[in-house]
>>> print(open('query-v4.cif').read())   # mmCIF, C-alpha atoms and all ligand atoms
data_start
#
loop_
_atom_site.label_atom_id
_atom_site.label_comp_id
_atom_site.auth_asym_id
_atom_site.auth_seq_id
_atom_site.Cartn_x
_atom_site.Cartn_y
_atom_site.Cartn_z
CA MET A 1 98.63 102.90 98.33
CA GLY A 2 96.09 100.20 98.93
CA PRO A 3 94.81 97.84 101.60
CA PRO A 4 96.04 94.26 101.97
CA GLY A 5 94.78 92.25 99.01
CA ALA A 6 94.34 95.22 96.67
CA GLY A 7 97.16 94.04 94.37
CA LYS A 8 99.47 96.90 95.25
CA GLY A 9 102.72 94.95 94.83
CA THR A 10 101.58 93.51 91.49
CA GLN A 11 100.53 96.87 90.10
CA ALA A 12 103.65 98.60 91.42
CA ALA A 13 105.85 96.09 89.58
CA VAL A 14 103.90 96.42 86.31
CA LEU A 15 103.60 100.20 86.48
CA SER A 16 107.30 100.70 87.19
CA GLU A 17 108.08 98.73 84.04
CA ARG A 18 105.55 100.57 81.94
CA LEU A 19 106.69 103.96 83.24
CA ASP A 20 110.36 102.94 83.14
CA VAL A 21 111.16 104.04 86.68
CA PRO A 22 112.58 101.94 89.52
CA HIS A 23 110.12 100.18 91.81
CA ILE A 24 111.18 100.90 95.37
CA SER A 25 109.40 98.65 97.83
CA THR A 26 110.51 99.25 101.42
CA GLY A 27 109.19 95.79 102.35
CA ASP A 28 111.40 94.20 99.65
CA LEU A 29 114.40 96.31 100.68
CA PHE A 30 114.00 95.27 104.30
CA ARG A 31 113.53 91.61 103.34
CA ASP A 32 116.70 91.78 101.19
CA HIS A 33 118.65 93.16 104.14
CA VAL A 34 117.29 90.48 106.47
CA GLY A 35 118.05 87.74 103.93
CA GLY A 36 121.56 89.10 103.34
CA GLU A 37 122.14 89.46 107.09
CA THR A 38 123.43 93.00 106.74
CA ALA A 39 123.78 95.18 109.87
CA LEU A 40 120.49 96.84 108.96
CA GLY A 41 118.91 93.44 108.38
CA VAL A 42 119.92 92.22 111.83
CA GLU A 43 118.52 95.42 113.34
CA VAL A 44 115.12 95.22 111.63
CA LYS A 45 114.51 91.47 111.66
CA ARG A 46 112.43 91.50 114.85
CA TYR A 47 110.08 94.14 113.44
CA LEU A 48 109.52 92.19 110.25
CA ASP A 49 109.06 88.93 112.14
CA SER A 50 106.37 90.47 114.32
CA GLY A 51 104.73 92.42 111.49
CA LYS A 52 105.38 95.73 113.26
CA LEU A 53 106.52 98.83 111.47
CA VAL A 54 110.25 99.48 111.50
CA PRO A 55 111.00 102.77 113.34
CA ASP A 56 110.70 105.82 111.10
CA GLU A 57 114.34 106.97 111.43
CA ILE A 58 115.66 103.63 110.18
CA THR A 59 113.12 103.44 107.36
CA ASN A 60 113.64 107.03 106.24
CA GLU A 61 117.42 106.62 106.17
CA MET A 62 117.17 103.49 104.02
CA VAL A 63 114.87 105.31 101.58
CA ARG A 64 117.14 108.36 101.53
CA GLU A 65 120.08 106.20 100.47
CA ARG A 66 118.04 104.45 97.80
CA LEU A 67 116.73 107.71 96.34
CA ALA A 68 120.28 109.03 96.05
CA ASP A 69 121.08 106.27 93.54
CA SER A 70 121.37 107.63 90.02
CA ASP A 71 118.60 105.40 88.61
CA CYS A 72 116.13 107.54 90.58
CA ASN A 73 117.11 110.76 88.82
CA ALA A 74 114.36 110.49 86.23
CA GLY A 75 111.68 109.34 88.64
CA PHE A 76 110.73 106.46 90.89
CA LEU A 77 107.75 104.58 92.20
CA LEU A 78 107.50 104.06 95.95
CA ASP A 79 105.60 101.04 97.26
CA GLY A 80 104.87 100.63 100.96
CA TYR A 81 106.34 104.01 101.82
CA PRO A 82 105.45 106.47 103.25
CA ARG A 83 103.23 104.60 105.71
CA ASN A 84 102.38 107.52 107.98
CA VAL A 85 102.38 111.32 107.99
CA ARG A 86 105.76 111.57 109.75
CA GLN A 87 107.38 109.50 107.00
CA ALA A 88 105.63 111.63 104.37
CA GLN A 89 106.95 114.84 105.93
CA GLN A 90 110.44 113.37 106.12
CA LEU A 91 110.21 112.24 102.50
CA GLY A 92 109.30 115.79 101.46
CA ALA A 93 112.29 117.15 103.35
CA MET A 94 114.58 114.51 101.82
CA LEU A 95 113.49 115.33 98.30
CA ARG A 96 114.10 119.01 98.89
CA GLU A 97 117.59 118.21 100.24
CA LEU A 98 118.42 115.89 97.37
CA ASN A 99 117.20 118.56 95.00
CA GLY A 100 119.72 119.51 92.42
CA GLU A 101 120.83 115.94 92.13
CA LEU A 102 117.31 114.67 92.00
CA ASP A 103 115.04 117.65 91.35
CA ALA A 104 112.03 115.64 92.42
CA GLU A 105 108.72 116.00 94.15
CA ILE A 106 106.01 113.43 94.71
CA ASP A 107 103.79 114.03 91.67
CA VAL A 108 100.99 111.59 92.30
CA VAL A 109 99.77 109.32 95.03
CA LEU A 110 97.90 106.39 93.52
CA GLU A 111 95.34 104.66 95.67
CA LEU A 112 93.89 101.28 94.71
CA ASP A 113 90.31 101.10 95.83
CA VAL A 114 88.59 97.75 96.39
CA PRO A 115 85.33 97.19 98.29
CA GLU A 116 86.03 95.49 101.60
CA ASP A 117 83.83 92.46 100.87
CA GLU A 118 85.79 91.80 97.68
CA LEU A 119 89.09 92.04 99.59
CA VAL A 120 87.82 89.59 102.19
CA GLU A 121 86.82 87.16 99.44
CA ARG A 122 90.18 87.47 97.68
CA LEU A 123 92.18 86.94 100.85
CA LEU A 124 90.03 84.03 102.03
CA SER A 125 90.52 82.30 98.69
CA ARG A 126 94.30 82.56 99.06
CA GLY A 127 93.71 80.27 102.01
CA ARG A 128 96.56 81.16 104.30
CA GLU A 129 96.03 79.66 107.70
CA ASP A 130 95.78 82.96 109.56
CA ASP A 131 93.40 84.37 106.97
CA ARG A 132 90.20 83.96 108.89
CA GLU A 133 87.56 86.52 108.03
CA SER A 134 87.73 88.31 111.38
CA VAL A 135 91.53 88.63 111.12
CA ILE A 136 91.21 89.95 107.57
CA ARG A 137 88.61 92.53 108.57
CA ASP A 138 90.78 93.61 111.50
CA ARG A 139 93.73 94.17 109.14
CA GLN A 140 91.54 96.24 106.83
CA GLN A 141 90.50 98.38 109.77
CA VAL A 142 94.14 98.83 110.84
CA TYR A 143 95.00 99.88 107.30
CA ARG A 144 92.19 102.44 107.23
CA ASP A 145 93.10 103.80 110.66
CA GLU A 146 96.75 104.11 109.69
CA THR A 147 96.24 105.61 106.27
CA SER A 148 93.33 108.02 106.62
CA ALA A 149 95.62 110.81 107.82
CA LEU A 150 98.10 110.05 105.04
CA LEU A 151 95.39 110.19 102.36
CA GLU A 152 94.35 113.54 103.80
CA TYR A 153 97.98 114.74 103.79
CA TYR A 154 98.29 113.92 100.07
CA SER A 155 94.75 114.97 99.12
CA ASP A 156 96.06 117.52 96.59
CA ARG A 157 97.74 114.80 94.51
CA LEU A 158 95.66 111.75 95.29
CA VAL A 159 94.35 109.67 92.41
CA THR A 160 91.98 106.86 93.33
CA VAL A 161 91.47 104.01 90.89
CA PRO A 162 88.97 101.16 91.23
CA ALA A 163 91.14 98.05 91.53
CA VAL A 164 88.62 95.39 90.57
CA GLY A 165 88.72 93.30 87.39
CA SER A 166 91.82 91.86 85.72
CA VAL A 167 95.38 92.98 86.44
CA ASP A 168 95.52 94.46 82.91
CA ASP A 169 92.30 96.41 83.42
CA VAL A 170 93.59 97.92 86.62
CA THR A 171 96.95 98.79 85.04
CA ALA A 172 95.18 100.48 82.11
CA ARG A 173 93.00 102.48 84.48
CA ALA A 174 95.99 103.48 86.59
CA LEU A 175 98.04 104.58 83.56
CA ASP A 176 95.09 106.62 82.27
CA ALA A 177 94.68 108.30 85.61
CA LEU A 178 98.41 108.99 85.90
CA ARG A 179 98.56 110.46 82.39
CA THR A 180 95.97 113.06 83.22
CA ARG A 181 97.92 114.07 86.32
CA THR A 182 101.55 114.25 85.21
P1 LIG B 1 105.30 95.05 103.27
O1 LIG B 1 105.93 94.09 102.31
O2 LIG B 1 105.07 96.40 102.67
O3 LIG B 1 104.08 94.50 103.94
O4 LIG B 1 106.37 95.29 104.43
C1 LIG B 1 106.88 94.22 105.20
C2 LIG B 1 107.41 94.74 106.50
O5 LIG B 1 108.47 95.68 106.27
C3 LIG B 1 106.41 95.51 107.35
O6 LIG B 1 105.64 94.65 108.15
C4 LIG B 1 107.32 96.38 108.20
O7 LIG B 1 107.93 95.64 109.24
C5 LIG B 1 108.41 96.75 107.20
N1 LIG B 1 108.09 98.00 106.45
C6 LIG B 1 107.84 98.11 105.12
N2 LIG B 1 107.61 99.39 104.78
C7 LIG B 1 107.70 100.11 105.93
C8 LIG B 1 107.54 101.49 106.24
N3 LIG B 1 107.23 102.40 105.29
N4 LIG B 1 107.71 101.87 107.53
C9 LIG B 1 108.02 100.98 108.48
N5 LIG B 1 108.17 99.66 108.26
C10 LIG B 1 108.02 99.22 106.99
#
>>> encode(input="query-v4.cif", output="structure tokens", more="lines below")
Ligand code: AMP
Amino acid sequence: MGPPGAGKGTQAAVLSERLDVPHISTGDLFRDHVGGETALGVEVKRYLDSGKLVPDEITNEMVRERLADSDCNAGFLLDGYPRNVRQAQQLGAMLRELNGELDAEIDVVLELDVPEDELVERLLSRGREDDRESVIRDRQQVYRDETSALLEYYSDRLVTVPAVGSVDDVTARALDALRTRT
């Protein structure tokens, strides 16, 4: 988990390679469906276009199908999911159902922590047109509002890593933190 600009997608990709588990990004899965114009893609396109969350039932079902793939048997790294407590509860139920095939539980929730001023600076320097400081700060606030309950829900397995410095530094810190937890 991590706010916009924390480098979550980058770290998820690197960590999945280093840990040799599939990287499951719900954003990427949805974008693939939209790009491929699948039935699901047609259904979710308007949510992605408007930046709104796809309804939980649709999202959970897509994740359930992905987790049933055999490459998830030895573990997986979720990126962008769960986004709220309802999804987290559903994920727990799914993993219990898939048990036997999957025998899995969420071991660790990794949170990338970056001071807000640093995030604002990073995002401003990317220079996208809509990245005005007030918009960026609003998005940070939305992230915190949306995720505070989720961080609480996973407090027993939450590992928070400072995500400042180089990509390699952050990866090293994350791997260290994960090693002590798993
Ligand atoms: P992301 O790449 O994680 O920012 O996700 C891109 C878009 O995919 C989001 O704006 C949502 O429309 C959708 N999405 C990704 N993950 C979820 C999720 N866990 N729940 C609902 N919608 C999601």
>>> closest_atom_pairs(input="query-v4.cif", of="chain A", to="ligand LIG 1 (chain B)", cutoff="9 Å", atoms="all atoms listed in the file", output="CSV")
residue,atom,partner,partner_atom,distance
A:Pro4,CA,B:LIG1,O3,8.3
A:Gly9,CA,B:LIG1,O1,8.2
A:Ser25,CA,B:LIG1,O2,6.9
A:Thr26,CA,B:LIG1,N2,4.4
A:Gly27,CA,B:LIG1,O4,3.5
A:Asp28,CA,B:LIG1,O1,6.1
A:Leu29,CA,B:LIG1,C6,8.1
A:Phe30,CA,B:LIG1,O5,5.9
A:Arg31,CA,B:LIG1,O5,7.1
A:Val44,CA,B:LIG1,O7,7.6
A:Lys45,CA,B:LIG1,O7,8.2
A:Arg46,CA,B:LIG1,O7,8.3
A:Tyr47,CA,B:LIG1,O7,5.0
A:Leu48,CA,B:LIG1,O7,3.9
A:Asp49,CA,B:LIG1,O7,7.4
A:Ser50,CA,B:LIG1,O7,7.4
A:Gly51,CA,B:LIG1,O6,4.1
A:Lys52,CA,B:LIG1,O7,4.8
A:Leu53,CA,B:LIG1,N5,3.7
A:Val54,CA,B:LIG1,N5,3.9
A:Pro55,CA,B:LIG1,C9,6.0
A:Asp56,CA,B:LIG1,N4,6.1
A:Ile58,CA,B:LIG1,C9,8.3
A:Thr59,CA,B:LIG1,N4,5.6
A:Asn60,CA,B:LIG1,N3,8.0
A:Val63,CA,B:LIG1,N3,9.0
A:Asp79,CA,B:LIG1,O2,7.1
A:Gly80,CA,B:LIG1,O2,4.6
A:Tyr81,CA,B:LIG1,N3,3.9
A:Pro82,CA,B:LIG1,N3,4.9
A:Arg83,CA,B:LIG1,N3,4.6
A:Asn84,CA,B:LIG1,N3,7.5
A:Gln87,CA,B:LIG1,N3,7.3
>>> atom_distance(input="query-v4.cif", atom1="CA of Ala163 (chain A)", atom2="CA of Leu123 (chain A)")
14.5 Å
>>> atom_distance(input="query-v4.cif", atom1="CA of Leu150 (chain A)", atom2="CA of Val109 (chain A)")
10.2 Å
>>> atom_distance(input="query-v4.cif", atom1="CA of Leu112 (chain A)", atom2="CA of Val14 (chain A)")
13.9 Å
>>> closest_residue(input="query-v4.cif", among="A:Ser148, A:Gln11, A:Glu133, A:Leu77", to="Glu121 (chain A)", atoms="all atoms listed in the file")
A:Glu133
>>> closest_residue(input="query-v4.cif", among="A:Ala12, A:Ala74, A:Leu98, A:Val114", to="Leu175 (chain A)", atoms="only C-alpha atoms")
A:Ala12
>>> residues_near_point(input="query-v4.cif", point="(94.3, 110.7, 84.8)", cutoff="12 Å", atoms="only C-alpha atoms", output="ChimeraX atom specification")
/A:108-110,157-161,172-182
>>> write_last_selection(input="query-v4.cif", atoms="C-alpha atoms", output="PDB file, in the coordinates of the input")
ATOM      1  CA  VAL A 108     100.990 111.590  92.300  1.00  0.00           C
ATOM      2  CA  VAL A 109      99.770 109.320  95.030  1.00  0.00           C
ATOM      3  CA  LEU A 110      97.900 106.390  93.520  1.00  0.00           C
ATOM      4  CA  ARG A 157      97.740 114.800  94.510  1.00  0.00           C
ATOM      5  CA  LEU A 158      95.660 111.750  95.290  1.00  0.00           C
ATOM      6  CA  VAL A 159      94.350 109.670  92.410  1.00  0.00           C
ATOM      7  CA  THR A 160      91.980 106.860  93.330  1.00  0.00           C
ATOM      8  CA  VAL A 161      91.470 104.010  90.890  1.00  0.00           C
ATOM      9  CA  ALA A 172      95.180 100.480  82.110  1.00  0.00           C
ATOM     10  CA  ARG A 173      93.000 102.480  84.480  1.00  0.00           C
ATOM     11  CA  ALA A 174      95.990 103.480  86.590  1.00  0.00           C
ATOM     12  CA  LEU A 175      98.040 104.580  83.560  1.00  0.00           C
ATOM     13  CA  ASP A 176      95.090 106.620  82.270  1.00  0.00           C
ATOM     14  CA  ALA A 177      94.680 108.300  85.610  1.00  0.00           C
ATOM     15  CA  LEU A 178      98.410 108.990  85.900  1.00  0.00           C
ATOM     16  CA  ARG A 179      98.560 110.460  82.390  1.00  0.00           C
ATOM     17  CA  THR A 180      95.970 113.060  83.220  1.00  0.00           C
ATOM     18  CA  ARG A 181      97.920 114.070  86.320  1.00  0.00           C
ATOM     19  CA  THR A 182     101.550 114.250  85.210  1.00  0.00           C
TER      20      THR A 182
END
>>> closest_residue(input="query-v4.cif", among="A:Gln141, A:Leu19, A:Pro162, A:Gly41", to="Asp113 (chain A)", atoms="all atoms listed in the file")
A:Pro162
>>> residues_near_point(input="query-v4.cif", point="(119.4, 105.2, 87.6)", cutoff="12 Å", atoms="only C-alpha atoms", output="list of chain:residue names")
A:Asp20, A:Val21, A:Pro22, A:His23, A:Arg66, A:Leu67, A:Ala68, A:Asp69, A:Ser70, A:Asp71, A:Cys72, A:Asn73, A:Ala74, A:Gly75, A:Phe76, A:Glu101, A:Leu102
>>> closest_residue(input="query-v4.cif", among="A:Glu57, A:Met62, A:Ser155, A:Val85", to="His33 (chain A)", atoms="all atoms listed in the file")
A:Met62
>>> closest_residue(input="query-v4.cif", among="A:Val120, A:Leu78, A:Val135, A:Val42", to="Ala13 (chain A)", atoms="only C-alpha atoms")
A:Leu78
>>> closest_residue(input="query-v4.cif", among="A:Ile24, A:Val167, A:Leu119, A:Met1", to="Arg139 (chain A)", atoms="all atoms listed in the file")
A:Leu119
>>> decode(input="query-v4.cif", residues="region 154-169 of chain A", atoms="all heavy atoms", output="CSV table (one decimal), in the first residue's frame")
chain,number,residue,atom,x,y,z
A,154,TYR,N,-5.6,-4.3,9.0
A,154,TYR,CA,-4.4,-5.1,8.8
A,154,TYR,C,-3.3,-4.8,9.9
A,154,TYR,O,-2.2,-5.2,9.6
A,154,TYR,CB,-3.9,-5.0,7.4
A,154,TYR,CG,-4.6,-5.8,6.4
A,154,TYR,CD1,-5.0,-5.1,5.2
A,154,TYR,CD2,-4.9,-7.1,6.5
A,154,TYR,CE1,-5.7,-5.9,4.2
A,154,TYR,CE2,-5.6,-7.8,5.5
A,154,TYR,CZ,-6.0,-7.2,4.4
A,154,TYR,OH,-6.6,-7.9,3.4
A,155,SER,N,-3.7,-4.2,10.9
A,155,SER,CA,-2.6,-3.7,11.9
A,155,SER,C,-1.8,-4.8,12.4
A,155,SER,O,-0.6,-4.6,12.7
A,155,SER,CB,-3.3,-2.9,13.0
A,155,SER,OG,-4.2,-3.7,13.7
A,156,ASP,N,-2.3,-6.0,12.5
A,156,ASP,CA,-1.5,-7.1,13.0
A,156,ASP,C,-0.5,-7.6,12.1
A,156,ASP,O,0.4,-8.4,12.5
A,156,ASP,CB,-2.4,-8.3,13.4
A,156,ASP,CG,-3.2,-8.9,12.2
A,156,ASP,OD1,-3.4,-8.2,11.2
A,156,ASP,OD2,-3.6,-10.1,12.3
A,157,ARG,N,-0.5,-7.2,10.8
A,157,ARG,CA,0.5,-7.7,9.8
A,157,ARG,C,1.0,-6.6,9.0
A,157,ARG,O,1.6,-6.8,7.9
A,157,ARG,CB,-0.1,-8.8,9.0
A,157,ARG,CG,-1.3,-8.5,8.2
A,157,ARG,CD,-2.0,-9.7,7.8
A,157,ARG,NE,-3.2,-9.8,8.6
A,157,ARG,CZ,-4.2,-10.6,8.4
A,157,ARG,NH1,-4.2,-11.4,7.4
A,157,ARG,NH2,-5.2,-10.7,9.2
A,158,LEU,N,0.9,-5.4,9.5
A,158,LEU,CA,1.3,-4.2,8.8
A,158,LEU,C,2.8,-3.9,9.0
A,158,LEU,O,3.3,-3.9,10.1
A,158,LEU,CB,0.5,-3.0,9.2
A,158,LEU,CG,0.8,-1.7,8.5
A,158,LEU,CD1,0.3,-1.8,7.0
A,158,LEU,CD2,0.0,-0.5,9.1
A,159,VAL,N,3.5,-3.8,7.9
A,159,VAL,CA,5.0,-3.4,7.9
A,159,VAL,C,5.1,-2.1,7.2
A,159,VAL,O,4.7,-2.0,6.0
A,159,VAL,CB,5.8,-4.5,7.3
A,159,VAL,CG1,7.2,-4.0,7.1
A,159,VAL,CG2,5.8,-5.8,8.0
A,160,THR,N,5.6,-1.1,7.9
A,160,THR,CA,5.7,0.2,7.2
A,160,THR,C,7.2,0.5,6.9
A,160,THR,O,8.0,0.4,7.8
A,160,THR,CB,5.1,1.3,8.1
A,160,THR,OG1,3.7,1.0,8.3
A,160,THR,CG2,5.2,2.7,7.4
A,161,VAL,N,7.5,0.9,5.7
A,161,VAL,CA,8.9,1.1,5.3
A,161,VAL,C,9.0,2.5,4.8
A,161,VAL,O,8.2,3.0,3.9
A,161,VAL,CB,9.2,0.1,4.2
A,161,VAL,CG1,10.5,0.5,3.5
A,161,VAL,CG2,9.4,-1.3,4.8
A,162,PRO,N,10.0,3.3,5.2
A,162,PRO,CA,10.2,4.6,4.6
A,162,PRO,C,10.6,4.5,3.1
A,162,PRO,O,11.5,3.7,2.8
A,162,PRO,CB,11.4,5.2,5.4
A,162,PRO,CG,11.6,4.3,6.6
A,162,PRO,CD,11.0,3.0,6.2
A,163,ALA,N,9.8,5.1,2.3
A,163,ALA,CA,10.0,5.0,0.8
A,163,ALA,C,10.7,6.2,0.2
A,163,ALA,O,10.2,6.7,-0.8
A,163,ALA,CB,8.7,4.6,0.1
A,164,VAL,N,11.7,6.7,0.9
A,164,VAL,CA,12.5,7.8,0.3
A,164,VAL,C,13.9,7.3,0.0
A,164,VAL,O,14.3,6.3,0.6
A,164,VAL,CB,12.6,9.0,1.3
A,164,VAL,CG1,11.2,9.7,1.4
A,164,VAL,CG2,13.0,8.5,2.7
A,165,GLY,N,14.6,8.0,-0.9
A,165,GLY,CA,15.9,7.5,-1.4
A,165,GLY,C,15.7,6.8,-2.7
A,165,GLY,O,14.7,6.9,-3.4
A,166,SER,N,16.7,6.0,-3.1
A,166,SER,CA,16.7,5.4,-4.5
A,166,SER,C,15.7,4.2,-4.5
A,166,SER,O,15.4,3.6,-3.4
A,166,SER,CB,18.1,4.9,-4.9
A,166,SER,OG,18.5,3.8,-4.1
A,167,VAL,N,15.3,3.8,-5.7
A,167,VAL,CA,14.5,2.6,-5.8
A,167,VAL,C,15.2,1.4,-5.1
A,167,VAL,O,14.5,0.6,-4.4
A,167,VAL,CB,14.2,2.3,-7.3
A,167,VAL,CG1,13.6,0.9,-7.5
A,167,VAL,CG2,13.4,3.4,-7.9
A,168,ASP,N,16.5,1.2,-5.3
A,168,ASP,CA,17.2,0.1,-4.8
A,168,ASP,C,17.2,0.1,-3.2
A,168,ASP,O,17.1,-0.9,-2.6
A,168,ASP,CB,18.7,0.1,-5.2
A,168,ASP,CG,18.8,-0.4,-6.7
A,168,ASP,OD1,17.8,-0.9,-7.2
A,168,ASP,OD2,19.9,-0.3,-7.2
A,169,ASP,N,17.4,1.3,-2.7
A,169,ASP,CA,17.3,1.5,-1.2
A,169,ASP,C,16.0,1.0,-0.7
A,169,ASP,O,15.9,0.3,0.4
A,169,ASP,CB,17.5,3.0,-0.8
A,169,ASP,CG,19.0,3.4,-1.0
A,169,ASP,OD1,19.9,2.5,-1.2
A,169,ASP,OD2,19.2,4.6,-0.9
